[in-house]
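In what follows, a single structure is set out as structure tokens and then discussed.
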Amino acid sequence: MSTKILIIGACGQIGTELTQKLRAVYGVENVIASDIRKLNIDVVNSGPFEVVNALDFNQIEHLVEKYAIDEVYLMAALLSATAEKNPAFAWDLNMNSLFHVLNLAKAKKIKKIFWPSSIAVFGTTTPRENTPQYTIMEPSTVYGISKQAGERWCEYYHNIFGVDVRSIRYPGLISWSSPPGGGTTDYAVDIYYKALSDKKYECFLAKDTKMPMMYMDDAIRATIAIMQAPVESVKIHSSYNLAAMSFTPEEIAAEIQKHIPEFSISYAPDFRQKIADSWPASIDDDFARKDWGWKHEFDLATMTKDMLMHLEE
């Protein structure tokens, strides 16, 4: 019997690529994409699509029943920098959308949930290098606070109601197929676009700001891998640390200059610098590697080559 999947927030930075990959794996007709508006993009036009408000429980429940959904990937969220501009709405969207799918699983209407957390759950009191799976978490952003609270609720629903919810703490994600979505780590996406179009880039972070990053291909693989892992392999039901590489704006610029020698970078740190400074510089993800076999494939050099090749096309 085929697995029926609903993706909420399918038009976002991660959702677009995740939807296409899941359709390749499970069949186009078995993966229902949804978002709050219908955009003229591949993910909308290439398979089943529904307009849904992630804050409307009845709309989500209707789609779950209409398509006999087994698994929900909840990708709708307001990201770090955007959330700081509208804290009340960010909290509402990030938390209540999660409660809606958790309660559907509690009621046995869906079997499995994927919900993404983030390195934003950490704060200035967290060890910055090789941040451990279990450590101090005192987030200083609305986004981070909502993700930390979400982790606790995921674990609670698993422990109390037996809900199969799976989660990973995404580092900064870099993709060529969709533009930046309002995150603090998005400079590492924008810099490639500007390198090709303008041959220069003004970075909103200081040159030595080191943060954990991951190429989108790896993030999508990890997302599907944790959902496909046997239930006994998933031992953490808050959220798993996930890592691939860490670098600074200066280091990514130097890598780009190997391909585009005339590229130049300048620095004008803004409010996002304070957010970046509160996050880890590198992540220890041993539990993900041990429990369900996580391995990354891309480093800074291979990612840069792939990004520039795709963007030039």
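Letters A, B, ... mark the chains of the structure tokens in the order given; residue numbers begin at 1 per chain; ligand numbers begin at 1, in order shown.
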Determine which residues of stretch 116-307 of chain A DSSP labels as strand (DSSP E or B) from the backbone of this structure, then write them out as a PyMOL selection string.
-> chain A and resi 117-118+131+165-166+168-170+172-174+200-203+211-215+240-241+245-247+264-267+283
Sorted by chain and rising residue number, which residues of stretch 37-152 of chain A lie within 12 Å of stretch 236-258 of chain A, and what are their closest atom pairs and distances in Å to one decimal, counting only C-alpha atoms, as JSON lines?
{"residue": "A:Ile113", "atom": "CA", "partner": "A:His237", "partner_atom": "CA", "distance": 11.0}
{"residue": "A:Phe114", "atom": "CA", "partner": "A:Ser239", "partner_atom": "CA", "distance": 10.2}
{"residue": "A:Trp115", "atom": "CA", "partner": "A:Ser239", "partner_atom": "CA", "distance": 8.8}
{"residue": "A:Pro116", "atom": "CA", "partner": "A:Ser239", "partner_atom": "CA", "distance": 7.9}
{"residue": "A:Ser117", "atom": "CA", "partner": "A:Ser239", "partner_atom": "CA", "distance": 6.5}
{"residue": "A:Ser118", "atom": "CA", "partner": "A:Asn241", "partner_atom": "CA", "distance": 8.5}
{"residue": "A:Ile119", "atom": "CA", "partner": "A:Asn241", "partner_atom": "CA", "distance": 8.0}
{"residue": "A:Ala120", "atom": "CA", "partner": "A:Asn241", "partner_atom": "CA", "distance": 11.4}
{"residue": "A:Val121", "atom": "CA", "partner": "A:Ser239", "partner_atom": "CA", "distance": 10.2}
{"residue": "A:Phe122", "atom": "CA", "partner": "A:Asn241", "partner_atom": "CA", "distance": 11.0}
{"residue": "A:Arg128", "atom": "CA", "partner": "A:Ser246", "partner_atom": "CA", "distance": 11.6}
{"residue": "A:Glu129", "atom": "CA", "partner": "A:Ser246", "partner_atom": "CA", "distance": 10.1}
{"residue": "A:Asn130", "atom": "CA", "partner": "A:Ala243", "partner_atom": "CA", "distance": 9.7}
{"residue": "A:Thr131", "atom": "CA", "partner": "A:Asn241", "partner_atom": "CA", "distance": 8.6}
{"residue": "A:Pro132", "atom": "CA", "partner": "A:Asn241", "partner_atom": "CA", "distance": 7.8}
{"residue": "A:Gln133", "atom": "CA", "partner": "A:Asn241", "partner_atom": "CA", "distance": 5.8}
{"residue": "A:Tyr134", "atom": "CA", "partner": "A:Asn241", "partner_atom": "CA", "distance": 9.2}
{"residue": "A:Thr135", "atom": "CA", "partner": "A:Asn241", "partner_atom": "CA", "distance": 11.1}
{"residue": "A:Lys147", "atom": "CA", "partner": "A:Ser239", "partner_atom": "CA", "distance": 9.7}
{"residue": "A:Gln148", "atom": "CA", "partner": "A:Ser238", "partner_atom": "CA", "distance": 8.8}
{"residue": "A:Ala149", "atom": "CA", "partner": "A:Ser238", "partner_atom": "CA", "distance": 9.7}
{"residue": "A:Gly150", "atom": "CA", "partner": "A:Ser238", "partner_atom": "CA", "distance": 8.1}
{"residue": "A:Glu151", "atom": "CA", "partner": "A:Ser238", "partner_atom": "CA", "distance": 4.5}
{"residue": "A:Arg152", "atom": "CA", "partner": "A:Ser238", "partner_atom": "CA", "distance": 6.0}
Export C-alpha atoms of the chosen residues as a PDB file, in the first residue's frame?
ATOM      1  CA  ILE A 113       4.944  13.743  11.566  1.00  0.00           C
ATOM      2  CA  PHE A 114       8.077  15.536  10.446  1.00  0.00           C
ATOM      3  CA  TRP A 115       8.605  18.897  12.117  1.00  0.00           C
ATOM      4  CA  PRO A 116      11.838  20.876  11.621  1.00  0.00           C
ATOM      5  CA  SER A 117      13.653  22.498  14.505  1.00  0.00           C
ATOM      6  CA  SER A 118      16.724  24.710  14.182  1.00  0.00           C
ATOM      7  CA  ILE A 119      20.078  25.713  15.659  1.00  0.00           C
ATOM      8  CA  ALA A 120      18.103  28.793  16.779  1.00  0.00           C
ATOM      9  CA  VAL A 121      17.088  26.781  19.892  1.00  0.00           C
ATOM     10  CA  PHE A 122      20.573  27.502  21.238  1.00  0.00           C
ATOM     11  CA  ARG A 128      29.631  27.524  20.763  1.00  0.00           C
ATOM     12  CA  GLU A 129      32.022  24.894  19.407  1.00  0.00           C
ATOM     13  CA  ASN A 130      30.770  21.330  18.842  1.00  0.00           C
ATOM     14  CA  THR A 131      27.456  22.171  20.484  1.00  0.00           C
ATOM     15  CA  PRO A 132      26.289  18.905  22.072  1.00  0.00           C
ATOM     16  CA  GLN A 133      22.900  17.254  21.587  1.00  0.00           C
ATOM     17  CA  TYR A 134      22.035  17.804  25.252  1.00  0.00           C
ATOM     18  CA  THR A 135      23.095  21.228  26.491  1.00  0.00           C
ATOM     19  CA  LYS A 147      11.380  26.008  18.116  1.00  0.00           C
ATOM     20  CA  GLN A 148      12.574  25.149  21.630  1.00  0.00           C
ATOM     21  CA  ALA A 149       8.979  25.081  22.903  1.00  0.00           C
ATOM     22  CA  GLY A 150       8.019  22.977  19.889  1.00  0.00           C
ATOM     23  CA  GLU A 151      10.732  20.423  20.708  1.00  0.00           C
ATOM     24  CA  ARG A 152       9.357  20.039  24.225  1.00  0.00           C
TER      25      ARG A 152
END
With 8 Å as the cut-off and only C-alpha atoms counted, what is the closest atom pair between each nearby residue of stretch 126-231 of chain A and stretch 15-21 of chain A? Distances in Å to one decimal, ordered by chain and number, as a Markdown table.
| residue | atom | partner | partner_atom | distance |
| --- | --- | --- | --- | --- |
| A:Ser177 | CA | A:Glu17 | CA | 7.7 |
| A:Ser178 | CA | A:Thr16 | CA | 7.7 |
| A:Ile220 | CA | A:Leu18 | CA | 5.9 |
A:Tyr143, A:Trp176, A:Phe204, A:Tyr192 ranked by distance to A:Met216, top pick (using only C-alpha atoms) =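 The closest residue to A:Met216 is A:Trp176.
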Have a look at atom CA of A:Lys200 and atom CA of A:Glu262 and let me know their distance in Å, one decimal.
->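 That distance, rounded to one decimal, is 8.3 Å.
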What's the 10 Å shell around A:Asn94, counting only C-alpha atoms, without same-chain residues fewer than 5 positions away, as an MDAnalysis selection string?
-> chainID A and resid 54:55 74:79 83 89 99 142:143 145:147 149:150
Hey, can you spit out that residue selection with all heavy atoms as a compact mmCIF listing (two decimals), in the first residue's frame?
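Output below, filename part-v8.txt:
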# COMPACT_ATOMS: atom_id res chain seq x y z
N ALA A 54 -2.11 27.11 7.49
CA ALA A 54 -1.55 26.23 8.53
C ALA A 54 -2.16 26.51 9.91
O ALA A 54 -2.05 25.68 10.81
CB ALA A 54 -0.04 26.38 8.58
N LEU A 55 -2.80 27.67 10.07
CA LEU A 55 -3.42 28.02 11.35
C LEU A 55 -4.87 27.54 11.46
O LEU A 55 -5.49 27.70 12.50
CB LEU A 55 -3.37 29.55 11.55
CG LEU A 55 -1.98 30.10 11.89
CD1 LEU A 55 -1.97 31.62 11.83
CD2 LEU A 55 -1.53 29.62 13.26
N LEU A 74 5.44 19.25 8.27
CA LEU A 74 5.02 20.61 8.59
C LEU A 74 6.18 21.58 8.38
O LEU A 74 7.03 21.75 9.26
CB LEU A 74 4.50 20.69 10.03
CG LEU A 74 4.10 22.07 10.52
CD1 LEU A 74 3.01 22.70 9.64
CD2 LEU A 74 3.66 22.03 11.97
N MET A 75 6.24 22.19 7.21
CA MET A 75 7.36 23.07 6.87
C MET A 75 7.00 24.56 6.98
O MET A 75 7.86 25.42 6.76
CB MET A 75 7.86 22.76 5.45
CG MET A 75 8.10 21.28 5.16
SD MET A 75 9.12 20.44 6.39
CE MET A 75 10.71 21.18 6.06
N ALA A 76 5.76 24.88 7.29
CA ALA A 76 5.34 26.28 7.40
C ALA A 76 5.90 26.89 8.67
O ALA A 76 5.76 26.33 9.75
CB ALA A 76 3.81 26.36 7.41
N ALA A 77 6.56 28.04 8.55
CA ALA A 77 7.11 28.75 9.72
C ALA A 77 7.54 30.14 9.29
O ALA A 77 7.83 30.39 8.11
CB ALA A 77 8.30 28.00 10.30
N LEU A 78 7.61 31.04 10.26
CA LEU A 78 8.23 32.34 10.05
C LEU A 78 9.67 32.22 10.55
O LEU A 78 9.90 31.84 11.70
CB LEU A 78 7.48 33.43 10.83
CG LEU A 78 7.21 34.75 10.08
CD1 LEU A 78 6.49 34.50 8.77
CD2 LEU A 78 6.42 35.71 10.95
N LEU A 79 10.65 32.53 9.68
CA LEU A 79 12.06 32.33 10.01
C LEU A 79 12.61 33.45 10.89
O LEU A 79 11.93 34.43 11.17
CB LEU A 79 12.88 32.17 8.72
CG LEU A 79 12.49 30.99 7.83
CD1 LEU A 79 13.41 30.89 6.63
CD2 LEU A 79 12.49 29.68 8.60
N ALA A 83 10.70 36.77 11.72
CA ALA A 83 9.94 36.61 12.96
C ALA A 83 10.19 37.75 13.94
O ALA A 83 9.28 38.16 14.68
CB ALA A 83 10.28 35.27 13.62
N PHE A 89 2.75 37.14 15.54
CA PHE A 89 2.32 36.26 14.45
C PHE A 89 3.26 35.07 14.31
O PHE A 89 2.82 33.94 14.05
CB PHE A 89 2.24 37.02 13.12
CG PHE A 89 1.88 36.14 11.96
CD1 PHE A 89 0.63 35.53 11.88
CD2 PHE A 89 2.81 35.88 10.95
CE1 PHE A 89 0.32 34.68 10.82
CE2 PHE A 89 2.49 35.04 9.89
CZ PHE A 89 1.24 34.45 9.82
N PHE A 99 0.65 22.30 16.92
CA PHE A 99 -0.41 21.69 17.73
C PHE A 99 -1.46 21.01 16.85
O PHE A 99 -1.97 19.94 17.19
CB PHE A 99 -1.09 22.73 18.64
CG PHE A 99 -0.31 23.03 19.88
CD1 PHE A 99 0.03 24.33 20.21
CD2 PHE A 99 0.09 22.01 20.75
CE1 PHE A 99 0.76 24.62 21.36
CE2 PHE A 99 0.80 22.28 21.91
CZ PHE A 99 1.14 23.60 22.21
N VAL A 142 12.54 35.09 18.82
CA VAL A 142 11.19 34.53 18.81
C VAL A 142 11.18 33.18 18.09
O VAL A 142 10.56 32.22 18.54
CB VAL A 142 10.20 35.49 18.09
CG1 VAL A 142 8.79 34.91 18.07
CG2 VAL A 142 10.21 36.85 18.75
N TYR A 143 11.90 33.13 16.98
CA TYR A 143 11.99 31.88 16.21
C TYR A 143 12.58 30.77 17.07
O TYR A 143 12.04 29.66 17.16
CB TYR A 143 12.86 32.13 14.98
CG TYR A 143 13.07 30.94 14.08
CD1 TYR A 143 11.99 30.33 13.44
CD2 TYR A 143 14.34 30.43 13.84
CE1 TYR A 143 12.18 29.24 12.60
CE2 TYR A 143 14.54 29.35 13.00
CZ TYR A 143 13.45 28.76 12.39
OH TYR A 143 13.66 27.68 11.55
N ILE A 145 12.80 30.60 20.37
CA ILE A 145 11.90 30.29 21.50
C ILE A 145 10.78 29.36 21.03
O ILE A 145 10.44 28.38 21.70
CB ILE A 145 11.33 31.59 22.11
CG1 ILE A 145 12.45 32.39 22.80
CG2 ILE A 145 10.22 31.28 23.12
CD1 ILE A 145 12.08 33.83 23.10
N SER A 146 10.22 29.65 19.86
CA SER A 146 9.12 28.81 19.35
C SER A 146 9.62 27.41 19.00
O SER A 146 8.93 26.42 19.23
CB SER A 146 8.44 29.47 18.13
OG SER A 146 9.29 29.48 17.00
N LYS A 147 10.83 27.32 18.46
CA LYS A 147 11.38 26.01 18.12
C LYS A 147 11.72 25.20 19.38
O LYS A 147 11.50 23.99 19.43
CB LYS A 147 12.61 26.16 17.21
CG LYS A 147 12.29 26.59 15.79
CD LYS A 147 11.43 25.58 15.06
CE LYS A 147 11.14 25.96 13.63
NZ LYS A 147 10.20 25.01 12.97
N ALA A 149 10.27 25.50 22.34
CA ALA A 149 8.98 25.08 22.90
C ALA A 149 8.39 23.93 22.08
O ALA A 149 7.86 22.96 22.63
CB ALA A 149 8.02 26.27 22.93
N GLY A 150 8.52 24.03 20.76
CA GLY A 150 8.02 22.98 19.89
C GLY A 150 8.69 21.64 20.15
O GLY A 150 8.04 20.59 20.16
Could you tell me which of A:Lys199, A:Asn45, A:Lys235, A:Thr3 comes closest to A:Tyr26 if we count only C-alpha atoms?
->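 Closest residue, counting only C-alpha atoms: A:Thr3.
Distances from A:Val31, A:Ala206, A:Ser140, A:Lys295 to A:Ile275 were compared using only C-alpha atoms, and the smallest one belongs to A:Ser140.
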When you look at A:Leu308 with a cut-off of 12 Å (counting only C-alpha atoms), what residues show up, excluding the ones that are within fewer than 2 positions of it in the same chain? I need them as a PDB file with C-alpha atoms, in the first residue's frame.
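Result written to result.pdb:
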ATOM      1  CA  ILE A 174      21.916  26.776   1.139  1.00  0.00           C
ATOM      2  CA  SER A 175      20.033  26.165  -2.103  1.00  0.00           C
ATOM      3  CA  TRP A 176      20.217  27.308  -5.719  1.00  0.00           C
ATOM      4  CA  SER A 177      16.597  26.519  -6.585  1.00  0.00           C
ATOM      5  CA  VAL A 189      22.494  31.827  -0.396  1.00  0.00           C
ATOM      6  CA  ASP A 190      22.363  35.447  -1.563  1.00  0.00           C
ATOM      7  CA  ILE A 191      26.145  35.686  -1.928  1.00  0.00           C
ATOM      8  CA  TYR A 192      26.136  33.186  -4.826  1.00  0.00           C
ATOM      9  CA  TYR A 193      23.373  35.055  -6.684  1.00  0.00           C
ATOM     10  CA  LYS A 194      25.225  38.376  -6.277  1.00  0.00           C
ATOM     11  CA  ALA A 195      28.588  36.831  -7.204  1.00  0.00           C
ATOM     12  CA  LEU A 196      27.197  35.896 -10.599  1.00  0.00           C
ATOM     13  CA  SER A 197      25.013  38.969 -11.229  1.00  0.00           C
ATOM     14  CA  GLU A 255      35.901  29.807  -2.202  1.00  0.00           C
ATOM     15  CA  ILE A 256      33.753  31.776  -4.688  1.00  0.00           C
ATOM     16  CA  GLN A 257      36.863  33.730  -5.816  1.00  0.00           C
ATOM     17  CA  LYS A 258      38.432  30.441  -6.960  1.00  0.00           C
ATOM     18  CA  HIS A 259      35.670  30.339  -9.612  1.00  0.00           C
ATOM     19  CA  ILE A 260      35.039  34.100 -10.046  1.00  0.00           C
ATOM     20  CA  ALA A 301      34.226  23.395  -1.997  1.00  0.00           C
ATOM     21  CA  THR A 302      31.816  20.867  -3.555  1.00  0.00           C
ATOM     22  CA  MET A 303      28.770  22.973  -2.594  1.00  0.00           C
ATOM     23  CA  THR A 304      30.243  26.140  -4.134  1.00  0.00           C
ATOM     24  CA  LYS A 305      31.015  24.359  -7.401  1.00  0.00           C
ATOM     25  CA  ASP A 306      27.490  22.901  -7.564  1.00  0.00           C
ATOM     26  CA  HIS A 310      23.235  25.438 -11.296  1.00  0.00           C
ATOM     27  CA  LEU A 311      22.812  29.212 -10.988  1.00  0.00           C
ATOM     28  CA  GLU A 312      24.705  29.799 -14.227  1.00  0.00           C
ATOM     29  CA  GLU A 313      22.343  27.366 -15.969  1.00  0.00           C
TER      30      GLU A 313
END
